[in-house]
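A.B. asks: Below is the file protein_34.cif, with mmCIF, C-alpha atoms.
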data_data
#
loop_
_atom_site.label_atom_id
_atom_site.label_comp_id
_atom_site.auth_asym_id
_atom_site.auth_seq_id
_atom_site.Cartn_x
_atom_site.Cartn_y
_atom_site.Cartn_z
CA MET A 9 7.37 -3.96 41.86
CA ASN A 10 9.97 -6.31 40.46
CA PRO A 11 12.65 -5.31 37.90
CA VAL A 12 10.80 -6.96 35.03
CA ASP A 13 7.74 -4.83 35.65
CA ASP A 14 9.92 -1.73 35.78
CA ASP A 15 11.48 -2.62 32.44
CA ASP A 16 8.08 -3.28 30.89
CA THR A 17 6.76 0.00 32.19
CA THR A 18 9.79 1.81 30.83
CA LEU A 19 9.36 0.32 27.38
CA GLU A 20 5.62 0.96 27.31
CA SER A 21 6.30 4.55 28.18
CA ARG A 22 8.96 4.90 25.47
CA PHE A 23 6.63 3.45 22.86
CA ARG A 24 3.78 5.70 23.93
CA SER A 25 5.87 8.85 23.79
CA ALA A 26 7.37 7.87 20.43
CA ALA A 27 3.93 7.07 18.99
CA ALA A 28 2.65 10.46 20.07
CA THR A 29 5.13 12.11 17.68
CA ILE A 30 3.79 10.21 14.66
CA PRO A 31 0.79 12.01 13.19
CA ALA A 32 -1.87 9.63 11.88
CA HIS A 33 -4.68 10.99 9.75
CA GLY A 34 -6.70 8.51 7.77
CA ASP A 35 -9.83 8.99 5.66
CA VAL A 36 -12.22 6.08 5.43
CA ASN A 37 -13.37 7.38 2.04
CA ASP A 38 -9.97 6.41 0.68
CA VAL A 39 -11.01 2.83 1.30
CA LEU A 40 -14.75 2.98 0.68
CA HIS A 41 -14.76 5.03 -2.48
CA GLY A 42 -11.40 4.37 -4.04
CA ARG A 43 -10.09 7.87 -3.55
CA ASP A 44 -6.59 6.55 -4.03
CA VAL A 45 -7.52 5.56 -7.43
CA SER A 46 -7.87 2.77 -9.48
CA VAL A 47 -9.07 2.71 -12.96
CA ARG A 48 -9.95 0.00 -15.26
CA ALA A 49 -9.10 -0.10 -18.85
CA THR A 50 -11.40 0.97 -21.56
CA ALA A 51 -12.03 -0.48 -24.93
CA SER A 52 -12.03 2.99 -26.34
CA SER A 53 -11.17 3.87 -29.86
CA ARG A 54 -7.76 5.33 -30.66
CA PRO A 55 -7.61 8.75 -29.03
CA ASN A 56 -6.30 11.86 -30.63
CA ARG A 57 -2.98 11.96 -28.84
CA HIS A 58 -2.31 15.58 -29.64
CA PHE A 59 -5.61 16.49 -28.09
CA VAL A 60 -4.80 14.44 -25.01
CA SER A 61 -1.47 16.17 -24.65
CA TYR A 62 -2.87 19.63 -25.10
CA ALA A 63 -5.75 18.88 -22.79
CA ALA A 64 -3.41 17.61 -20.13
CA ALA A 65 -1.25 20.68 -20.51
CA ALA A 66 -4.23 22.93 -20.15
CA GLY A 67 -5.46 21.08 -17.10
CA LEU A 68 -8.66 20.08 -18.82
CA VAL A 69 -8.06 16.43 -18.22
CA VAL A 70 -7.82 17.09 -14.52
CA LEU A 71 -11.17 18.82 -14.71
CA VAL A 72 -12.68 15.99 -16.70
CA GLY A 73 -11.15 13.50 -14.30
CA GLY A 74 -12.70 15.34 -11.38
CA LEU A 75 -16.09 15.40 -13.05
CA VAL A 76 -15.85 11.72 -13.85
CA ALA A 77 -14.82 11.01 -10.29
CA ILE A 78 -17.78 12.95 -8.95
CA SER A 79 -20.10 11.32 -11.43
CA THR A 80 -18.73 7.91 -10.62
CA ARG A 81 -19.08 8.46 -6.93
CA ASN A 82 -22.64 9.59 -7.29
CA ASN A 83 -23.51 6.71 -9.56
CA THR A 84 -21.46 3.97 -8.03
CA PRO A 85 -23.11 0.66 -8.78
CA GLN A 86 -24.39 -1.17 -5.72
CA THR A 87 -21.56 -3.59 -5.34
CA SER A 88 -21.26 -6.11 -2.60
CA PRO A 89 -18.34 -5.78 -0.20
CA ALA A 90 -16.84 -8.87 -1.78
CA GLN A 91 -16.21 -6.83 -4.88
CA SER A 92 -13.29 -4.50 -5.01
CA PRO A 93 -14.44 -1.32 -3.29
CA SER A 94 -11.28 0.55 -4.09
CA THR A 95 -11.76 0.36 -7.79
CA THR A 96 -13.61 2.95 -9.73
CA ALA A 97 -14.56 2.58 -13.33
CA ALA A 98 -13.38 5.65 -15.12
CA THR A 99 -15.08 4.59 -18.31
CA GLU A 100 -16.90 1.63 -19.72
CA PRO A 101 -15.16 -1.63 -18.90
CA THR A 102 -13.91 -4.04 -21.46
CA SER A 103 -15.93 -7.11 -22.17
CA PRO A 104 -14.66 -10.42 -20.79
CA ASP A 105 -13.33 -11.49 -24.15
CA GLU A 106 -11.20 -8.37 -24.35
CA GLN A 107 -8.96 -9.04 -21.42
CA LEU A 108 -6.08 -6.68 -21.28
CA PRO A 109 -2.51 -7.82 -20.98
CA ILE A 110 -1.94 -5.46 -18.07
CA ARG A 111 -2.12 -7.18 -14.71
CA GLY A 112 -1.36 -4.21 -12.53
CA VAL A 113 0.21 -0.80 -12.29
CA LYS A 114 1.74 0.84 -9.26
CA TYR A 115 2.45 4.50 -8.75
CA ALA A 116 5.36 5.76 -6.68
CA THR A 117 6.50 9.26 -5.90
CA ALA A 118 10.08 8.65 -6.97
CA THR A 119 11.16 10.51 -10.06
CA THR A 120 14.12 8.59 -11.38
CA ALA A 121 14.80 4.89 -11.55
CA VAL A 122 18.17 3.33 -12.21
CA GLY A 123 18.83 -0.25 -13.22
CA VAL A 124 16.22 -2.84 -13.98
CA VAL A 125 13.18 -3.99 -12.06
CA GLU A 126 13.60 -7.25 -10.23
CA LEU A 127 10.38 -9.28 -10.20
CA TYR A 128 9.88 -12.26 -7.92
CA ASP A 129 7.14 -14.31 -6.29
CA SER A 130 6.29 -13.26 -2.75
CA PRO A 131 7.37 -15.98 -0.30
CA ASP A 132 4.25 -15.47 1.81
CA THR A 133 1.50 -14.71 -0.66
CA ALA A 134 0.76 -15.48 -4.27
CA GLU A 135 1.56 -11.91 -5.21
CA GLN A 136 4.29 -10.91 -7.57
CA CYS A 137 6.64 -8.37 -6.07
CA PHE A 138 9.34 -6.13 -7.42
CA THR A 139 12.22 -3.96 -6.34
CA LEU A 140 13.56 -1.03 -8.26
CA ALA A 141 16.73 0.89 -7.52
CA LEU A 142 16.23 4.66 -7.42
CA ALA A 143 18.66 7.41 -8.17
CA ASP A 144 18.79 8.59 -4.56
CA GLY A 145 20.26 5.25 -3.50
CA SER A 146 17.09 3.85 -2.01
CA ASP A 147 14.99 0.99 -3.30
CA LEU A 148 11.35 0.93 -4.27
CA ALA A 149 9.54 -2.27 -3.35
CA ASP A 150 5.90 -3.22 -3.86
CA CYS A 151 3.70 -6.09 -4.95
CA PHE A 152 0.95 -6.62 -7.48
CA PRO A 153 -2.13 -8.18 -5.91
CA ASN A 154 -3.81 -11.27 -7.24
CA GLU A 155 -6.96 -9.30 -7.85
CA SER A 156 -5.29 -7.48 -10.69
CA VAL A 157 -7.48 -9.39 -13.09
CA HIS A 158 -11.08 -9.51 -12.11
CA ASP A 159 -14.24 -10.37 -14.01
CA GLY A 160 -12.49 -10.25 -17.31
CA THR A 161 -11.30 -6.73 -16.71
CA ALA A 162 -7.80 -5.74 -15.93
CA TYR A 163 -7.82 -3.55 -12.87
CA VAL A 164 -5.02 -1.10 -12.53
CA TYR A 165 -4.09 -0.04 -9.06
CA LEU A 166 -2.54 3.37 -8.81
CA ARG A 167 -1.57 5.13 -5.68
CA MET A 168 -1.11 8.71 -6.72
CA ARG A 169 -0.14 11.29 -4.23
CA PRO A 170 -1.38 14.66 -5.40
CA GLU A 171 0.76 17.14 -7.20
CA GLU A 172 3.84 15.03 -7.29
CA PRO A 173 5.65 13.58 -10.27
CA GLY A 174 6.38 9.92 -10.03
CA LEU A 175 6.94 6.56 -11.59
CA LEU A 176 4.46 4.09 -12.96
CA ILE A 177 5.56 0.49 -12.68
CA GLY A 178 3.45 -1.91 -14.71
CA LEU A 179 3.15 -5.67 -14.86
CA THR A 180 2.10 -6.92 -18.26
CA ASP A 181 1.60 -10.31 -19.82
CA PRO A 182 5.12 -10.99 -21.11
CA ASP A 183 3.75 -12.75 -24.19
CA SER A 184 1.84 -9.70 -25.33
CA SER A 185 3.05 -6.90 -27.50
CA VAL A 186 2.62 -3.69 -25.55
CA ARG A 187 3.92 -0.16 -25.66
CA VAL A 188 3.08 2.39 -22.99
CA GLU A 189 2.90 6.08 -23.78
CA ILE A 190 2.80 8.78 -21.15
CA GLY A 191 3.46 12.41 -21.85
CA ASP A 192 5.89 12.62 -24.73
CA THR A 193 7.67 9.37 -24.03
CA SER A 194 6.96 5.71 -24.53
CA THR A 195 8.31 2.54 -23.01
CA GLU A 196 8.06 -1.19 -23.58
CA PRO A 197 7.98 -4.06 -21.09
CA ASP A 198 11.10 -6.09 -20.49
CA ASP A 199 11.26 -9.86 -20.91
CA HIS A 200 9.34 -10.32 -17.68
CA GLY A 201 6.55 -7.99 -18.72
CA ILE A 202 7.64 -5.18 -16.40
CA TRP A 203 7.75 -1.59 -17.56
CA VAL A 204 8.62 1.67 -15.86
CA ALA A 205 7.54 5.13 -16.99
CA GLU A 206 8.20 8.53 -15.53
CA VAL A 207 5.03 10.54 -14.90
CA PRO A 208 5.36 14.29 -15.20
CA ASN A 209 3.62 16.35 -12.57
CA GLY A 210 0.00 16.89 -13.55
CA THR A 211 -0.17 14.10 -16.11
CA ASP A 212 -3.22 11.98 -15.52
CA THR A 213 -3.57 9.76 -18.54
CA PHE A 214 -1.47 7.17 -20.21
CA ILE A 215 -2.02 4.98 -23.22
CA VAL A 216 -1.23 1.34 -23.59
CA ASP A 217 -0.89 0.18 -27.16
CA THR A 218 -1.73 -3.49 -27.50
CA ASP A 219 -2.33 -5.97 -30.29
CA ASN A 220 -6.00 -4.99 -30.06
CA GLY A 221 -5.33 -1.29 -30.31
CA PRO A 222 -4.68 1.47 -27.82
CA GLN A 223 -6.26 1.56 -24.39
CA THR A 224 -6.49 4.80 -22.48
CA PHE A 225 -6.01 4.81 -18.72
CA ARG A 226 -6.78 7.69 -16.47
CA ILE A 227 -5.03 8.38 -13.21
CA GLN A 228 -7.66 9.99 -11.06
CA GLU A 229 -6.60 12.50 -8.50
CA PRO A 230 -7.73 11.82 -4.96
CA GLY A 231 -10.90 13.58 -3.93
CA MET B 3 -33.94 5.34 2.94
CA THR B 4 -30.92 3.55 4.32
CA THR B 5 -29.72 0.37 2.72
CA ASN B 6 -27.66 -2.56 3.91
CA LYS B 7 -24.75 -0.97 2.10
CA ASP B 8 -25.22 2.25 4.07
CA HIS B 9 -25.25 0.30 7.33
CA ALA B 10 -22.14 -1.63 6.31
CA GLU B 11 -20.32 1.56 5.36
CA ALA B 12 -21.28 3.23 8.62
CA ALA B 13 -20.07 0.26 10.63
CA PHE B 14 -16.86 0.09 8.67
CA ALA B 15 -16.29 3.82 9.09
CA GLU B 16 -16.64 3.43 12.84
CA PHE B 17 -14.20 0.52 12.77
CA PHE B 18 -11.78 2.58 10.68
CA ASP B 19 -11.91 5.50 13.11
CA VAL B 20 -11.12 3.24 16.04
CA GLU B 21 -8.35 1.29 14.35
CA PHE B 22 -6.56 3.58 11.92
CA ALA B 23 -4.16 5.55 14.11
CA GLY B 24 -2.95 2.53 16.07
CA GLN B 25 -2.51 0.40 12.98
CA PHE B 26 -0.68 3.16 11.13
CA ARG B 27 1.70 3.86 14.01
CA ARG B 28 2.52 0.21 14.52
CA ALA B 29 3.25 -0.05 10.80
CA VAL B 30 5.55 2.97 11.07
CA PHE B 31 7.35 1.29 13.97
CA LEU B 32 7.72 -1.88 11.93
CA LEU B 33 8.77 -0.25 8.65
CA ARG B 34 10.33 3.06 9.70
CA ASP B 35 8.84 4.51 6.54
CA ARG B 36 5.65 6.58 6.59
CA GLY B 37 4.88 6.15 2.89
CA ALA B 38 5.21 2.39 3.07
CA ALA B 39 3.17 2.31 6.27
CA GLU B 40 0.41 4.30 4.57
CA ASP B 41 0.34 1.86 1.68
CA VAL B 42 0.34 -1.23 3.87
CA VAL B 43 -2.41 0.03 6.16
CA HIS B 44 -4.52 1.27 3.26
CA ASP B 45 -4.26 -2.09 1.52
CA ALA B 46 -5.11 -3.88 4.77
CA PHE B 47 -8.27 -1.81 5.27
CA VAL B 48 -9.26 -2.41 1.65
CA GLU B 49 -8.88 -6.13 2.24
CA VAL B 50 -11.01 -5.97 5.39
CA TRP B 51 -13.70 -3.97 3.62
CA ARG B 52 -13.65 -6.44 0.76
CA ARG B 53 -14.48 -9.23 3.19
CA TRP B 54 -16.55 -7.14 5.60
CA SER B 55 -19.68 -9.25 5.24
CA GLU B 56 -17.75 -12.49 5.69
CA ILE B 57 -15.49 -11.93 8.68
CA ALA B 58 -16.83 -12.17 12.20
CA GLU B 59 -13.91 -10.42 13.88
CA PRO B 60 -12.50 -7.68 11.70
CA GLY B 61 -10.00 -6.48 14.31
CA PRO B 62 -7.85 -9.63 14.38
CA TYR B 63 -8.19 -9.96 10.61
CA LEU B 64 -6.94 -6.39 10.17
CA ASN B 65 -4.03 -7.12 12.51
CA ARG B 66 -3.01 -10.05 10.34
CA CYS B 67 -3.34 -8.03 7.13
CA VAL B 68 -1.18 -5.20 8.44
CA LEU B 69 1.49 -7.51 9.84
CA ASN B 70 1.59 -9.58 6.65
CA GLY B 71 1.88 -6.42 4.61
CA CYS B 72 4.74 -5.19 6.78
CA ARG B 73 6.44 -8.57 6.57
CA ASP B 74 6.15 -8.66 2.78
CA HIS B 75 7.45 -5.14 2.51
CA THR B 76 10.38 -5.89 4.79
CA ALA B 77 11.24 -9.10 2.94
CA SER B 78 11.18 -7.48 -0.46
CA ARG B 79 13.13 -4.45 0.68
CA ARG B 80 15.82 -6.60 2.29
CA ARG B 81 16.74 -8.03 -1.08
CA ARG B 82 18.48 -4.86 -2.16
CA TRP B 83 18.32 -2.78 0.93
CA THR B 84 21.11 -0.44 1.70
CA HIS B 85 20.94 1.50 4.90
CA ASP B 86 19.07 4.46 3.58
CA ARG B 87 18.49 7.38 5.83
CA THR B 88 16.20 9.11 3.38
CA THR B 89 13.35 6.67 3.99
CA ARG B 90 13.42 6.80 7.74
CA VAL B 91 10.44 7.91 9.74
CA GLU B 92 9.87 11.61 9.53
CA GLN B 93 10.16 12.23 13.20
CA HIS B 94 11.62 15.20 14.90
CA ASP B 95 11.60 13.79 18.36
CA ALA B 96 14.97 12.44 19.45
CA ALA B 97 13.47 9.68 21.59
CA ALA B 98 11.29 8.49 18.74
CA ASP B 99 14.26 8.53 16.38
CA GLU B 100 16.31 6.49 18.78
CA LEU B 101 13.55 3.91 19.26
CA SER B 102 12.98 3.63 15.51
CA ASP B 103 16.67 3.09 14.87
CA ILE B 104 16.94 0.31 17.43
CA LEU B 105 13.75 -1.37 16.21
CA ALA B 106 15.04 -1.30 12.64
CA ARG B 107 18.06 -3.36 13.67
CA LEU B 108 15.95 -6.14 15.18
CA PRO B 109 14.85 -9.17 13.13
CA PHE B 110 11.28 -8.69 11.91
CA ASN B 111 9.70 -11.23 14.26
CA GLN B 112 11.35 -9.71 17.32
CA ARG B 113 10.45 -6.21 16.17
CA CYS B 114 6.87 -7.23 15.55
CA ALA B 115 6.49 -9.05 18.87
CA VAL B 116 7.92 -6.19 20.90
CA VAL B 117 5.76 -3.59 19.14
CA LEU B 118 2.64 -5.64 19.73
CA ARG B 119 3.56 -6.13 23.39
CA PHE B 120 4.75 -2.71 24.44
CA TYR B 121 2.87 -0.43 22.04
CA VAL B 122 -0.35 -2.36 21.44
CA GLY B 123 -0.40 -4.17 24.79
CA MET B 124 -1.16 -7.65 23.49
CA SER B 125 -0.64 -10.86 25.44
CA ASN B 126 1.59 -13.65 24.12
CA ASP B 127 -1.47 -15.55 22.87
CA GLU B 128 -2.78 -12.51 21.04
CA ILE B 129 0.61 -11.80 19.51
CA ALA B 130 0.92 -15.40 18.31
CA HIS B 131 -2.53 -15.21 16.76
CA ALA B 132 -1.75 -11.90 15.07
CA MET B 133 1.60 -13.09 13.75
CA GLY B 134 0.38 -16.56 12.83
CA CYS B 135 3.14 -18.26 14.80
CA PRO B 136 3.38 -20.71 17.74
CA VAL B 137 2.77 -19.02 21.07
CA GLY B 138 6.00 -20.57 22.38
CA SER B 139 8.02 -18.45 19.98
CA VAL B 140 6.67 -15.17 21.25
CA GLY B 141 8.25 -15.13 24.71
CA PRO B 142 11.83 -15.63 23.50
CA TRP B 143 11.38 -13.04 20.74
CA ILE B 144 10.15 -10.48 23.25
CA GLN B 145 12.92 -11.29 25.72
CA ARG B 146 15.67 -10.88 23.14
CA ALA B 147 14.16 -7.71 21.72
CA LYS B 148 13.59 -6.32 25.18
CA GLN B 149 17.20 -6.91 26.19
CA GLN B 150 18.38 -5.14 23.07
CA LEU B 151 16.04 -2.21 23.56
CA LEU B 152 16.96 -1.75 27.21
CA LYS B 153 20.65 -2.04 26.42
CA GLU B 154 20.58 0.54 23.67
CA LEU B 155 17.97 3.02 24.85
CA THR B 156 19.57 5.88 26.70
#
Could I get this file's structure written as structure tokens?
C.D. replies:
Amino acid sequence: MNPVDDDDTTLESRFRSAAATIPAHGDVNDVLHGRDVSVRATASSRPNRHFVSYAAAAGLVVLVGGLVAISTRNNTPQTSPAQSPSTTAATEPTSPDEQLPIRGVKYATATTAVGVVELYDSPDTAEQCFTLALADGSDLADCFPNESVHDGTAYVYLRMRPEEPGLLIGLTDPDSSVRVEIGDTSTEPDDHGIWVAEVPNGTDTFIVDTDNGPQTFRIQEPG
Amino acid sequence: MTTNKDHAEAAFAEFFDVEFAGQFRRAVFLLRDRGAAEDVVHDAFVEVWRRWSEIAEPGPYLNRCVLNGCRDHTASRRRRWTHDRTTRVEQHDAAADELSDILARLPFNQRCAVVLRFYVGMSNDEIAHAMGCPVGSVGPWIQRAKQQLLKELT
């Protein structure tokens, strides 16, 4: 055996032993049935915000969310694979002429952001990406996919890990007038249409006030 | 009564079971961040499922999706990246830690090529196809990465 083969064998062995220490548990239902949430906006009437707050506090919204999730899963329309399989309609979708100014929302398990969000075009894809400095000194980086707007409905992609507070980072049409309310706080997009909101543990709804009135979004828990 | 959708889901589930662990671990090697690796691999599988009826070879397509996702993540993180120990791989094995640290110091293309060679076991042609690069680039990337790994691994 020549030295090159020995080196290759050594490296293969190191990679194998290192890989064995990395647990990997995936659930195909996360992909097939949108367990990691996504919601699409509703054209609902203005909600009673006090009721929403109290319901969230009492955990009722979680229960309702679970029931909706179960109902949705059992009544999932027969979509073709070309359609977004990771999206789940929490409520009735908006009609095509009621497109929402929200192009995408990302969820992260960081609790505190510092500084402003930097938004830029991905060099490799047509996505729009962002970085956000966090209080612990690290950076949060992610991208909004092109499919954020689909069939006249704004899809909102949320990746919520259970039972953890976090941040919502939203990308909104910068020409629109929007205010986002979550919990007891509200926020507005910056000049680039980006907004950041802290999500208290257990909060699963947020409201986006637009020129056309408020839209309620639900963050569905996995499962 | 089973439908075409049921058959497609069953086939995809089988594909997922075969591919998930390997794809996730290679993403961890490339990103040194389990949360980011989860996101990248999840998004890649969603993309494959979205095009399930259109793509003849889902394996190579998934490879490309995962690598592109890792590349995008690395590129965006580099913009404001400070060496942050809090996002490193949650490993408790010293050898795995050491390998992750050395990999993280390699340029992305070298890191990617060496992971695909020594962890996944791909040939140069397969690596070039997965990375979307000329096959002639792969050999030098692997050689440089290999030298660095052998020099630094204890």
A.B. asks: Name the residues that the PyMOL selection byres ((chain A and resi 132) around 12) picks from the file above, as a PyMOL selection string, using the file's chain letters and numbers.
C.D. replies: (chain A and resi 128-131+133-137+151) or (chain B and resi 67+69-78+134)
A.B. asks: Any chance you could export the current selection's C-alpha atoms as a PDB file, keeping the file's coordinate frame?
C.D. replies:
ATOM      1  CA  TYR A 128       9.880 -12.260  -7.920  1.00  0.00           C
ATOM      2  CA  ASP A 129       7.140 -14.310  -6.290  1.00  0.00           C
ATOM      3  CA  SER A 130       6.290 -13.260  -2.750  1.00  0.00           C
ATOM      4  CA  PRO A 131       7.370 -15.980  -0.300  1.00  0.00           C
ATOM      5  CA  THR A 133       1.500 -14.710  -0.660  1.00  0.00           C
ATOM      6  CA  ALA A 134       0.760 -15.480  -4.270  1.00  0.00           C
ATOM      7  CA  GLU A 135       1.560 -11.910  -5.210  1.00  0.00           C
ATOM      8  CA  GLN A 136       4.290 -10.910  -7.570  1.00  0.00           C
ATOM      9  CA  CYS A 137       6.640  -8.370  -6.070  1.00  0.00           C
ATOM     10  CA  CYS A 151       3.700  -6.090  -4.950  1.00  0.00           C
TER      11      CYS A 151
ATOM     12  CA  CYS B  67      -3.340  -8.030   7.130  1.00  0.00           C
ATOM     13  CA  LEU B  69       1.490  -7.510   9.840  1.00  0.00           C
ATOM     14  CA  ASN B  70       1.590  -9.580   6.650  1.00  0.00           C
ATOM     15  CA  GLY B  71       1.880  -6.420   4.610  1.00  0.00           C
ATOM     16  CA  CYS B  72       4.740  -5.190   6.780  1.00  0.00           C
ATOM     17  CA  ARG B  73       6.440  -8.570   6.570  1.00  0.00           C
ATOM     18  CA  ASP B  74       6.150  -8.660   2.780  1.00  0.00           C
ATOM     19  CA  HIS B  75       7.450  -5.140   2.510  1.00  0.00           C
ATOM     20  CA  THR B  76      10.380  -5.890   4.790  1.00  0.00           C
ATOM     21  CA  ALA B  77      11.240  -9.100   2.940  1.00  0.00           C
ATOM     22  CA  SER B  78      11.180  -7.480  -0.460  1.00  0.00           C
ATOM     23  CA  GLY B 134       0.380 -16.560  12.830  1.00  0.00           C
TER      24      GLY B 134
END
A.B. asks: Kindly give the distance, in Å, that separates atom CA of B:Trp143 and atom CA of B:Arg107, rounded to a single decimal.
C.D. replies: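 Separating atom CA of B:Trp143 from atom CA of B:Arg107 is a distance of 13.7 Å.
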A.B. asks: If the PyMOL selection byres ((chain B and resi 115) around 12) is run on the structure shown, which residues does it catch, given as a VMD selection string?
C.D. replies: chain B and resid 28 31 to 32 69 105 108 to 114 116 to 135 137 139 to 148
A.B. asks: Find the spatial neighbours of B:Phe47, counting only C-alpha atoms, within a cut-off of 7 Å - ignore same-chain residues fewer than 4 positions away - and output them as a list in words.
C.D. replies: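 Here the answer would be Val39 of chain A; Val43, Trp51 and Leu64 of chain B.
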A.B. asks: With the cut-off set at 6 Å and counting only C-alpha atoms, tabulate each residue of chain A with an atom at most that distance from an atom of chain B, showing the nearest atom pair and its distance in Å to one decimal, ordered by chain and increasing number, as a tab-separated table.
C.D. replies:
residue	atom	partner	partner_atom	distance
A:Glu20	CA	B:Phe120	CA	4.7
A:Phe23	CA	B:Tyr121	CA	5.5
A:Ala26	CA	B:Ala98	CA	4.3
A:Ala32	CA	B:Ala23	CA	5.2
A:Val36	CA	B:Ala15	CA	5.9
A:Val39	CA	B:Val48	CA	5.5
A:Pro89	CA	B:Arg52	CA	4.8
A:Ala90	CA	B:Arg52	CA	4.7
A:Ser146	CA	B:Asp86	CA	6.0
A:Ala149	CA	B:Arg79	CA	5.8
A.B. asks: For the structure provided, state which residues fall under the PyMOL selection byres ((chain A and resi 198) around 12), and present them as a list in words.
C.D. replies: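 Against this file, the PyMOL selection byres ((chain A and resi 198) around 12) returns the residues Val124, Val125, Glu126, Leu127, Ile177, Gly178, Leu179, Thr180, Asp181, Pro182, Asp183, Ser184, Ser185, Val186, Arg187, Val188, Thr195, Glu196, Pro197, Asp199, His200, Gly201, Ile202, Trp203 and Val204 of chain A.
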A.B. asks: Could you tell me how far atom CA of A:Ala205 sits from atom CA of A:Ala121, in Å to one decimal place?
C.D. replies: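 Atom CA of A:Ala205 lies 9.1 Å from atom CA of A:Ala121.
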